[in-house]
Amino acid sequence: MSDQEEAPVSPPIFEYKMLPLHMDFKEFTICKPAPFSSDEEAILERERCDYTQRITYQMARSGKTNRRVRVYADGIYDLFHQGHARQLMQAKNIFPNVYLIVGVCNDELTHRMKGRTVMNGFERYEGVRHCRYVDEVVQNAPWTLSDEFIAENKIDFVAHDDIPYVHDGLDDIYGPLKARGMFVATERTEGVSTSDIVARIVKDYDLYVRRNLARGYSAKELNVSFLSEKKFRLQNKMDELKSRGKRELTKVKGDIITKWEEKSREFIDTFLLLFGRERLNHLWNESKGKLIQALSPPGSPSGSVNGDDLDDGNDSDEYLELPAEYSGGSTNSLNGNSQKRSSLARPSYQSRTAVASSPEDYDDDDDDDDDAVYDAEFVERRSN
């Protein structure tokens, strides 16, 4: 063992740098925009390219090249959208090893040849150079490609959609490139273009003007007249009131439903407390007794109104019993006649009792007649 022990090897320390707010892109190669053709990085790349070795379409497709294939795509790229990005992606991947150069026309040429743009030249340059498929951006690109421009930028192929573009008596400005085998076609993205986006804005012009007025833009900045500004601001206020009313209504509905649920719980608890099972049984028993008493009244009292008992068979005999001085010494004949009189007098007495049962139907004349008949019978029996 050696006298001096070897010190343990420490792992390498990696220094991590935070990306500053304003940074120099030369120090960071992982996230930087594409350089302009006049930048040093683009110039070095162009100088390293051996343009004397021409690359054919077959060589580029096979990938058997000793340098990167330089592909050029041009356009206006106003309101940079996904259609533009797809076109540049196709141009970047059309061959295995592509260095993509994108030319962007300036404002003066674009306004003269195509019309007014929404974004200015600087904004359109910046939009393109921040696309990850782009390796270099050419400012002030020409409308038609000359041989001098192609040689200066060492372009191998030009990528564009296959639709013919007519200009200055030419049926297609890309016709000469197609004849030389330097043209590769890309596909357009259907349903999206700068013209379509502008048409959407024009279609909903009022909505966008009201939107920008609400965000603090002035009528002068939006090129809106005084009356139109007042109209748009009034519409914004109305929409704001409608939205606020809907929010308040939703809130009130929620409060009402919550309070109703609480009250319903209290009502159910109170109902169960007052009308529980035992309470309902008690109420049913009480009401059942009252119902039975109401449906079954007590019977009528027995006897006449005057308290006479009509069922007693001795009433007629007691009523016909005579004093001794009227018997005339012949008790048997009187008793014998008493049975006869009893049969005659009972109907009369019963009829009087029946009539007397209702006081309002009682007639004094009938009583007098019955008394007269009774006296006549009594005198007749006595004379015999």
# chains A, B, ... in the order shown; residues from 1 in each chain; ligands from 1

call {"tool": "select_by_dssp", "arguments": {"residues": "stretch 100-263 of chain A", "states": "strand (DSSP E)", "output": "NGL selection string"}}
result
:A and (100-104 or 136-139 or 157-161 or 183-186)

call {"tool": "closest_residue", "arguments": {"among": "A:Leu44, A:Tyr205, A:Ala34, A:Phe226", "to": "A:Val134", "atoms": "only C-alpha atoms"}}
result
A:Ala34

call {"tool": "select_by_dssp", "arguments": {"residues": "stretch 6-187 of chain A", "states": "alpha helix (DSSP H)", "output": "PyMOL selection string"}}
result
chain A and resi 40-48+57-62+82-92+107-113+121-129+147-152+175-179

call {"tool": "write_last_selection", "arguments": {"atoms": "C-alpha atoms", "output": "CSV table (one decimal), in the first residue's frame"}}
result
chain,number,residue,atom,x,y,z
A,40,GLU,CA,-23.2,36.6,-39.0
A,41,GLU,CA,-24.5,33.1,-38.2
A,42,ALA,CA,-26.4,32.9,-41.5
A,43,ILE,CA,-23.4,34.3,-43.4
A,44,LEU,CA,-21.1,31.6,-42.0
A,45,GLU,CA,-23.6,28.9,-42.9
A,46,ARG,CA,-23.8,30.2,-46.4
A,47,GLU,CA,-20.0,30.4,-46.8
A,48,ARG,CA,-19.6,26.8,-45.6
A,57,TYR,CA,-34.0,15.8,-56.7
A,58,GLN,CA,-33.1,12.1,-56.6
A,59,MET,CA,-30.0,12.8,-54.5
A,60,ALA,CA,-31.9,14.9,-52.1
A,61,ARG,CA,-34.7,12.3,-51.7
A,62,SER,CA,-32.2,9.6,-51.1
A,82,GLN,CA,-51.3,27.2,-38.5
A,83,GLY,CA,-51.6,27.1,-42.3
A,84,HIS,CA,-48.3,29.0,-42.6
A,85,ALA,CA,-46.7,26.7,-40.0
A,86,ARG,CA,-47.8,23.6,-41.8
A,87,GLN,CA,-46.4,24.8,-45.1
A,88,LEU,CA,-43.0,25.5,-43.4
A,89,MET,CA,-43.1,22.1,-41.7
A,90,GLN,CA,-43.6,20.4,-45.0
A,91,ALA,CA,-40.7,22.3,-46.6
A,92,LYS,CA,-38.5,21.4,-43.7
A,107,ASP,CA,-44.6,46.3,-46.8
A,108,GLU,CA,-44.1,48.4,-49.9
A,109,LEU,CA,-43.9,45.5,-52.3
A,110,THR,CA,-46.7,43.6,-50.6
A,111,HIS,CA,-49.1,46.6,-50.6
A,112,ARG,CA,-48.3,47.2,-54.3
A,113,MET,CA,-48.7,43.6,-55.5
A,121,GLY,CA,-43.1,44.0,-42.1
A,122,PHE,CA,-41.3,43.9,-38.7
A,123,GLU,CA,-44.1,41.9,-37.1
A,124,ARG,CA,-44.3,39.5,-40.0
A,125,TYR,CA,-40.5,38.9,-39.9
A,126,GLU,CA,-40.6,38.2,-36.2
A,127,GLY,CA,-43.5,35.8,-36.6
A,128,VAL,CA,-41.7,33.7,-39.1
A,129,ARG,CA,-38.3,33.7,-37.5
A,147,ASP,CA,-31.1,33.6,-61.1
A,148,GLU,CA,-28.9,36.1,-59.3
A,149,PHE,CA,-31.1,35.8,-56.1
A,150,ILE,CA,-30.9,32.0,-56.3
A,151,ALA,CA,-27.2,32.0,-56.7
A,152,GLU,CA,-26.6,34.6,-54.0
A,175,GLY,CA,-42.9,27.9,-64.1
A,176,PRO,CA,-39.2,28.3,-64.9
A,177,LEU,CA,-38.2,26.6,-61.6
A,178,LYS,CA,-40.5,23.7,-62.4
A,179,ALA,CA,-38.9,23.3,-65.8

call {"tool": "atom_distance", "arguments": {"atom1": "atom CA of A:Gln139", "atom2": "atom CA of A:Cys49"}}
result
20.4 Å

call {"tool": "closest_residue", "arguments": {"among": "A:Asp78, A:Asp162, A:Glu229, A:Asp171", "to": "A:Asp206", "atoms": "only C-alpha atoms"}}
result
A:Glu229
